[in-house]
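Enquirer: One structure is given below, represented as structure tokens, and several questions about it will come after.
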Amino acid sequence: MSSQSGSRPHVCILMSTFNGEEFLVEQLDSLLNQQGVDVTIIVRDDGSSDGTRRILERYQEANRNIQVHPGANLGVVPSFLELMRIAPASSAGYFALCDQDDVWLPEKLSHAVRALESDKSTPRLYCSVVRYVDKSLRHLGSSRPGIRPDFRNAVVENIATGCTVVFNRALLQLVNSAAPRRALMHDWWLYLVASAFGDVVFDRQSWILYRQHGRNVIGGTTSIMRMMVIRIRRMRLRQGGVFRCSDQAEEFLRCFGERCPPAHRQLLEEMLAVRKSLFRRIRFAFAGKIRRNHWIDDGLLRLLLIAGHY
């Protein structure tokens with residue numbers, strides 16, 4: 001259990017669980033084993049029907065720094081947004097998103113806090129590459145390190161893998177001041193807000209074992225064509241089977257339009273306006289105002305923009 005000494009940074013870990021009994025104990029133990037920080041763990045169970053709640057109750061009884069909030073099944077995005085609404089009651093200066101089936105290395109939170117602590121008043125977000133492992137924690141590979149975070153990337157791509165995300169209280173307060181009615185993903189929404197109003201730190205080292213299992217297994221890509229199919233599916237299989245980053249841009253303007261820096265607001269308004277004209281979509285697609293980090297993804301994005309599937 002964390003000592004809560006007051007002399008170390010205090011991080012509030014936000015975990016959403018759903019039928020996660022298989023790997024939950026290993027993850028909880030890795031959270032309690034974080035070094036150099038004090039932790040509070042707030043868990044919202046999203047309507048589990050297996051033994052997840054029993055495990056959570058057992059850990060809550062044994063550790064005063066674990067709070068469990070059983071709830072109805074909302075889905076992953078609403079569940080994490082609800083956790084962020086609950087989180088301000090914590091005295092923590094930093095907040096971390098957490099999945100139920102990974103393993104955190106002991107230095108994960110301390111590295112993130114060091115990257116963020118130089119400026120507490122500016123909304124700041126930390127994220128990193130991940131180390132992929134199989135269900136038995138055998139190494140599979142790592143995510144791509146060549147990431148350049150900024151707003152024109154955030155409107156069309158999420159680089160902030162949720163299980164790596166740590167952010168400060170200033171960002172939490174900003175997000176909670178105008179909660180979205182819809183967002184493609186909770187971690188993407190945090191990246192979008194942080195890149196618009198503050199700072200994003202991307203760590204090219206990994207401090208997390210990102211477990212791949214079941215439908216989540218990345219597996220080996222056997223051909224370039226197979227890789228292209230996977231990339232297209234990842235970009236298009238969003239809400240309703242269509243990649244709708246434009247819907248998220250519209251929601252961002254609803255939430256933050258009056259406060260948004262003029263250049264960012266102009267970009268979003270143009271991105272929405274070109275939906276009505278093929279010619280304007282073609283011109284916008286090649287204007288270089290938005291970008292994804294990998295050249296293949298960037299090219300596919302421009303094709304989807306021209307086709308109106310964005």
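Residues in the structure tokens are named by chain (A, B, ... in the order shown) and by number from 1 within that chain; ligands are numbered from 1 in the order shown.
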Residues within 12 Å of Ser277 in chain A, please, as a short mmCIF file (atom, residue, chain, number, x, y, z; two decimals) with N, CA and C atoms, in the first residue's frame. Count only C-alpha atoms; anything in the same chain fewer than 6 positions from it doesn't count.

Expert:
```
data_model
loop_
_atom_site.label_atom_id
_atom_site.label_comp_id
_atom_site.auth_asym_id
_atom_site.auth_seq_id
_atom_site.Cartn_x
_atom_site.Cartn_y
_atom_site.Cartn_z
N GLU A 270 -12.66 24.84 -41.09
CA GLU A 270 -12.40 24.52 -42.49
C GLU A 270 -12.57 23.03 -42.74
N MET A 271 -12.09 22.22 -41.81
CA MET A 271 -12.21 20.77 -41.93
C MET A 271 -13.68 20.35 -42.03
N ARG A 283 -8.71 20.02 -52.36
CA ARG A 283 -7.77 21.09 -52.05
C ARG A 283 -7.30 21.01 -50.60
N PHE A 284 -8.23 20.73 -49.69
CA PHE A 284 -7.89 20.63 -48.27
C PHE A 284 -7.00 19.42 -48.00
N LEU A 305 -10.37 11.58 -46.97
CA LEU A 305 -10.87 12.96 -46.99
C LEU A 305 -11.55 13.27 -48.33
N ILE A 306 -10.88 12.91 -49.41
CA ILE A 306 -11.44 13.17 -50.73
C ILE A 306 -12.77 12.43 -50.93
N ALA A 307 -12.82 11.20 -50.40
CA ALA A 307 -14.05 10.40 -50.53
C ALA A 307 -15.15 10.85 -49.57
N GLY A 308 -14.79 11.71 -48.62
CA GLY A 308 -15.77 12.18 -47.65
C GLY A 308 -15.97 11.27 -46.47
#
```

Enquirer: Step one, run DSSP on the backbone; step two, keep only residues of range 26-266 of chain A assigned to strand (DSSP E); then write them as a ChimeraX atom specification.

Expert: /A:38-46,66-71,94-98,103-104,124-128,131-133,139-142,166-168,199-203,208-211

Enquirer: Please list as a count of residues only every residue within 9 Å of range 171-187 of chain A, counting only C-alpha atoms and excluding residues in the same chain fewer than 2 positions away.

Expert: 46

Enquirer: If we count only C-alpha atoms and set the cut-off at 8 Å, which residues sit around His69 in chain A, ignoring sequence neighbours fewer than 5 positions away in its own chain? Please answer as JSON, numbers by chain.

Expert: {"A": [42, 43, 44, 45]}

Enquirer: For the selection you just gave me, I'd like the residues written to a file as a short mmCIF file (atom, residue, chain, number, x, y, z; two decimals), in the first residue's frame, keeping C-alpha atoms.

Expert:
```
data_model
loop_
_atom_site.label_atom_id
_atom_site.label_comp_id
_atom_site.auth_asym_id
_atom_site.auth_seq_id
_atom_site.Cartn_x
_atom_site.Cartn_y
_atom_site.Cartn_z
CA ILE A 42 -10.01 4.62 -8.39
CA VAL A 43 -11.71 1.73 -10.17
CA ARG A 44 -15.06 1.91 -11.92
CA ASP A 45 -16.42 -1.54 -12.74
#
```

Enquirer: To one decimal place in Å, what is the distance between CA of Arg275 in chain A and CA of Leu304 in chain A?

Expert: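 Pair CA of Arg275 in chain A / CA of Leu304 in chain A returns 11.3 Å.
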